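Below you'll find the structure, written out as structure tokens, and then a few comments.
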Amino acid sequence: MTAANKPAVLLSPIAEEVLHGLGARRRQLPPKLFYDKEGSRLFDQITETAEYYPTRTERAILREYARDMVRHAGNNLTLVELGAGSASKTQILIQALLGRQLRADFYPVDVSSSALQGALASLNGHFPRLRVSPIVADYTHHLPDLKRLPGRKLVLFLGSTIGNFEPEEAAGFLRDVRRSLESGDALLIGFDLVKEQGILHAAYNDAEGVTARFNKNVLARINRELGGSFDLDGFAHVAFWNRRKSRIEMHLESLYEQTVWIQDLGRGFHFEPGERIHTENSYKFNDRSIRRLLRRAGFTLERSWTDPQGWFCEALARA
Ligand code: AVJ
């Protein structure tokens, strides 16, 4: 960043990220900016569209195999969930766990304290033998030290959130998870799998346009929080399968030449027609790439479970 475009004020973390991302030659905004209140609501709505298969497929795998997963993970487990959100799929695993042990501790970790409040409320009523201790933390920057928690740990990282990381970052992040554990502890991690291109494409281009609204919400959020002037009709939702990189890419494409002023950044951003802002990568995996990633991070793949169509994979890795 040059001195000329650096405003002489302290910027919020979000403002910094927007300034950095839109100021770059290849414009991009990080996917975590999607998830304000409205974005989280839109994501929940995505998971209910006919085309978005990952959430319901993972839930079906958990329903079928949760007991098996918990049994393989070990005895007397303490559960930790990274990016727990409202922990709705987790309930299936908790149920299975409490079928095998009298009591259990559950540490949901999330950046959103309101999401954790929700998790706490729904779990405490449901499972009297579960002790829930929420941890508010951005686990991508700072993992809580899990070695200090009692018992053998089972860490959950569901939903194929790992697919949002670049391959190098994914390995680095899982290495951090490994370092926070003791050997013998386990990681249960969800991976969306490579499949027919038409299915992948449809999942990120649903007919109702929910994913388009989710993608554009990042612009709406900049308007709301940073005094931006994005015209949401001036950008198109673009999502496609990049086979060489094994990922779905999402972009926002400027439909005409325009300059968008962002008040809190004290500057405008010029867009040529067809110019894109890259907003998300969602990597898709196969057996080999899963095994390789876990290996690089210091885990060994112990078992995995999939649905009958082979669309999603739940992997149990040992530290
Ligand atoms: C929450 C990262 C798993 O990549 O499929 C859904 C987010 N983006 N539709 C995914 C998302 C567009 C989702 N993850």
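Residue names in the structure tokens use chain letters A, B, ... in the order shown, residue numbers from 1 in each chain, and ligand numbers from 1 in the order shown.
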Contacts of stretch 42-47 of chain A at 10 Å or less, counting only C-alpha atoms, minus same-chain residues fewer than 5 places along, as a short mmCIF file (atom, residue, chain, number, x, y, z; two decimals) with N, CA and C atoms, in the first residue's frame?
```cif
data_model
loop_
_atom_site.label_atom_id
_atom_site.label_comp_id
_atom_site.auth_asym_id
_atom_site.auth_seq_id
_atom_site.Cartn_x
_atom_site.Cartn_y
_atom_site.Cartn_z
N PHE A 34 -18.64 -12.84 4.23
CA PHE A 34 -20.03 -13.19 3.93
C PHE A 34 -20.89 -13.24 5.19
N TYR A 35 -20.26 -13.63 6.32
CA TYR A 35 -21.06 -14.10 7.45
C TYR A 35 -21.39 -13.06 8.51
N ASP A 36 -22.06 -11.96 8.09
CA ASP A 36 -22.72 -11.14 9.12
C ASP A 36 -24.08 -11.82 9.37
N LYS A 37 -24.96 -11.12 10.11
CA LYS A 37 -26.23 -11.77 10.47
C LYS A 37 -27.02 -12.17 9.22
N TYR A 52 -28.22 -27.42 -3.37
CA TYR A 52 -27.06 -27.44 -2.47
C TYR A 52 -27.07 -28.73 -1.64
N TYR A 53 -26.33 -29.70 -2.11
CA TYR A 53 -26.36 -31.05 -1.52
C TYR A 53 -25.44 -31.23 -0.28
N PRO A 54 -24.35 -30.41 -0.09
CA PRO A 54 -23.38 -30.81 0.95
C PRO A 54 -23.96 -30.97 2.36
N THR A 55 -24.75 -30.00 2.81
CA THR A 55 -25.24 -30.05 4.19
C THR A 55 -26.13 -31.26 4.43
N ARG A 56 -27.07 -31.48 3.53
CA ARG A 56 -27.99 -32.61 3.78
C ARG A 56 -27.28 -33.94 3.59
N ALA A 203 -25.04 -26.51 -7.60
CA ALA A 203 -25.03 -26.26 -6.15
C ALA A 203 -24.64 -24.82 -5.83
N TYR A 204 -23.92 -24.18 -6.74
CA TYR A 204 -23.49 -22.79 -6.51
C TYR A 204 -24.20 -21.81 -7.45
N ASP A 206 -27.99 -21.91 -7.71
CA ASP A 206 -29.36 -22.40 -7.50
C ASP A 206 -30.36 -21.52 -8.25
N GLU A 208 -33.31 -20.45 -7.54
CA GLU A 208 -33.97 -19.36 -6.80
C GLU A 208 -33.08 -18.13 -6.64
N GLY A 209 -31.78 -18.29 -6.86
CA GLY A 209 -30.87 -17.16 -6.73
C GLY A 209 -30.43 -16.86 -5.30
N VAL A 210 -30.56 -17.82 -4.41
CA VAL A 210 -30.16 -17.59 -3.02
C VAL A 210 -28.63 -17.42 -2.93
N THR A 211 -27.90 -18.26 -3.67
CA THR A 211 -26.43 -18.15 -3.64
C THR A 211 -25.97 -16.81 -4.22
N ALA A 212 -26.68 -16.32 -5.23
CA ALA A 212 -26.37 -15.00 -5.80
C ALA A 212 -26.57 -13.92 -4.73
N ARG A 213 -27.65 -14.02 -3.99
CA ARG A 213 -27.89 -13.02 -2.93
C ARG A 213 -26.83 -13.12 -1.83
N PHE A 214 -26.45 -14.37 -1.50
CA PHE A 214 -25.40 -14.60 -0.50
C PHE A 214 -24.09 -13.95 -0.97
N ASN A 215 -23.73 -14.17 -2.22
CA ASN A 215 -22.49 -13.60 -2.77
C ASN A 215 -22.56 -12.07 -2.74
N ASN A 217 -24.27 -10.25 -0.86
CA ASN A 217 -24.39 -9.70 0.49
C ASN A 217 -23.08 -9.08 0.97
#
```
Counting only C-alpha atoms and all ligand atoms, what residues are within 6 Å of ligand 1, given as a list in words?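 After applying the 6 Å limit, what remains is Gly159, Ser160, Thr161, Asn164, Tyr204, Thr211 and Ser282 of chain A.
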A:Ser133 surroundings by only C-alpha atoms, 8 Å radius, close-in-sequence under 3 positions cut, as an NGL selection string: :A and (105-108)
Preceding selection exported with N, CA and C atoms as a PDB file, in the first residue's frame:
```
ATOM      1  N   ASP A 105     -18.044 -33.622  28.077  1.00  0.00           N
ATOM      2  CA  ASP A 105     -17.789 -32.185  27.961  1.00  0.00           C
ATOM      3  C   ASP A 105     -17.763 -31.814  26.497  1.00  0.00           C
ATOM      4  N   PHE A 106     -18.361 -30.659  26.194  1.00  0.00           N
ATOM      5  CA  PHE A 106     -18.399 -30.183  24.810  1.00  0.00           C
ATOM      6  C   PHE A 106     -17.931 -28.731  24.781  1.00  0.00           C
ATOM      7  N   TYR A 107     -16.876 -28.469  23.996  1.00  0.00           N
ATOM      8  CA  TYR A 107     -16.333 -27.122  23.844  1.00  0.00           C
ATOM      9  C   TYR A 107     -16.546 -26.631  22.420  1.00  0.00           C
ATOM     10  N   PRO A 108     -17.663 -25.941  22.147  1.00  0.00           N
ATOM     11  CA  PRO A 108     -17.840 -25.360  20.815  1.00  0.00           C
ATOM     12  C   PRO A 108     -17.021 -24.074  20.697  1.00  0.00           C
TER      13      PRO A 108
END
```
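The gap separating atom CA of A:Phe173 from atom CA of A:Ala87 is 21.0 Å, in Å to one decimal.
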Mind checking which residues fall within 9 Å of A:Leu11, counting only C-alpha atoms, ignoring those fewer than 3 positions away in the same chain, and posting them as a PDB file with N, CA and C atoms, in the first residue's frame?
```
ATOM      1  N   PRO A   7      -5.423   6.023   4.256  1.00  0.00           N
ATOM      2  CA  PRO A   7      -6.071   7.103   4.993  1.00  0.00           C
ATOM      3  C   PRO A   7      -5.403   7.297   6.352  1.00  0.00           C
ATOM      4  N   ILE A  14     -12.446  -5.007   9.349  1.00  0.00           N
ATOM      5  CA  ILE A  14     -13.196  -5.225   8.106  1.00  0.00           C
ATOM      6  C   ILE A  14     -12.812  -4.183   7.055  1.00  0.00           C
ATOM      7  N   ALA A  15     -12.699  -2.934   7.484  1.00  0.00           N
ATOM      8  CA  ALA A  15     -12.305  -1.876   6.551  1.00  0.00           C
ATOM      9  C   ALA A  15     -10.923  -2.166   5.963  1.00  0.00           C
ATOM     10  N   GLU A  16      -9.997  -2.619   6.813  1.00  0.00           N
ATOM     11  CA  GLU A  16      -8.659  -2.991   6.341  1.00  0.00           C
ATOM     12  C   GLU A  16      -8.733  -4.058   5.261  1.00  0.00           C
ATOM     13  N   ASP A 264     -16.108   5.213   4.369  1.00  0.00           N
ATOM     14  CA  ASP A 264     -15.172   4.991   5.477  1.00  0.00           C
ATOM     15  C   ASP A 264     -13.743   4.768   5.012  1.00  0.00           C
ATOM     16  N   LEU A 265     -13.557   4.429   3.743  1.00  0.00           N
ATOM     17  CA  LEU A 265     -12.202   4.264   3.221  1.00  0.00           C
ATOM     18  C   LEU A 265     -11.734   5.555   2.559  1.00  0.00           C
TER      19      LEU A 265
END
```
Can you build me a table of stretch 187-221 of chain A residues sitting at most 8 Å from stretch 226-244 of chain A, with the closest atom pair per residue and its distance in Å to one decimal, using only C-alpha atoms, sorted by chain and residue number, as a Markdown table?
```
| residue | atom | partner | partner_atom | distance |
| --- | --- | --- | --- | --- |
| A:Gln197 | CA | A:Trp241 | CA | 6.9 |
| A:Leu200 | CA | A:Trp241 | CA | 7.0 |
| A:His201 | CA | A:Phe240 | CA | 5.9 |
| A:Tyr204 | CA | A:Ala239 | CA | 6.2 |
| A:Asn205 | CA | A:Ala239 | CA | 6.7 |
| A:Ala212 | CA | A:His237 | CA | 5.2 |
| A:Asn215 | CA | A:His237 | CA | 6.7 |
| A:Lys216 | CA | A:Leu232 | CA | 6.7 |
| A:Leu219 | CA | A:Phe230 | CA | 6.2 |
| A:Ala220 | CA | A:Phe230 | CA | 7.1 |
| A:Arg221 | CA | A:Leu226 | CA | 7.8 |
```
Fewer than 2 positions away in the same chain doesn't count, so skip those; otherwise give me all residues within 7 Å of stretch 145-154 of chain A, counting only C-alpha atoms, as a PyMOL selection string. chain A and resi 73+76-80+143+156+180-182+185-187
Who sits within 7 Å of stretch 93-102 of chain A, only C-alpha atoms, same chain under 3 positions skipped, as a ChimeraX atom specification: /A:66-67,70,76,90,129
Find, counting only C-alpha atoms, the residue in A:Cys313, A:Ile162, A:Leu188, A:Pro308 that gets nearest to A:Met69.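 Result for the nearest residue to A:Met69: A:Leu188.
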Among the residues of stretch 203-318 of chain A, find those DSSP assigns to strand (DSSP E or B) from the backbone and print them as a PyMOL selection string. chain A and resi 228+235-242+247-254+258-262+267-271+276-283+285+300-306+312-318
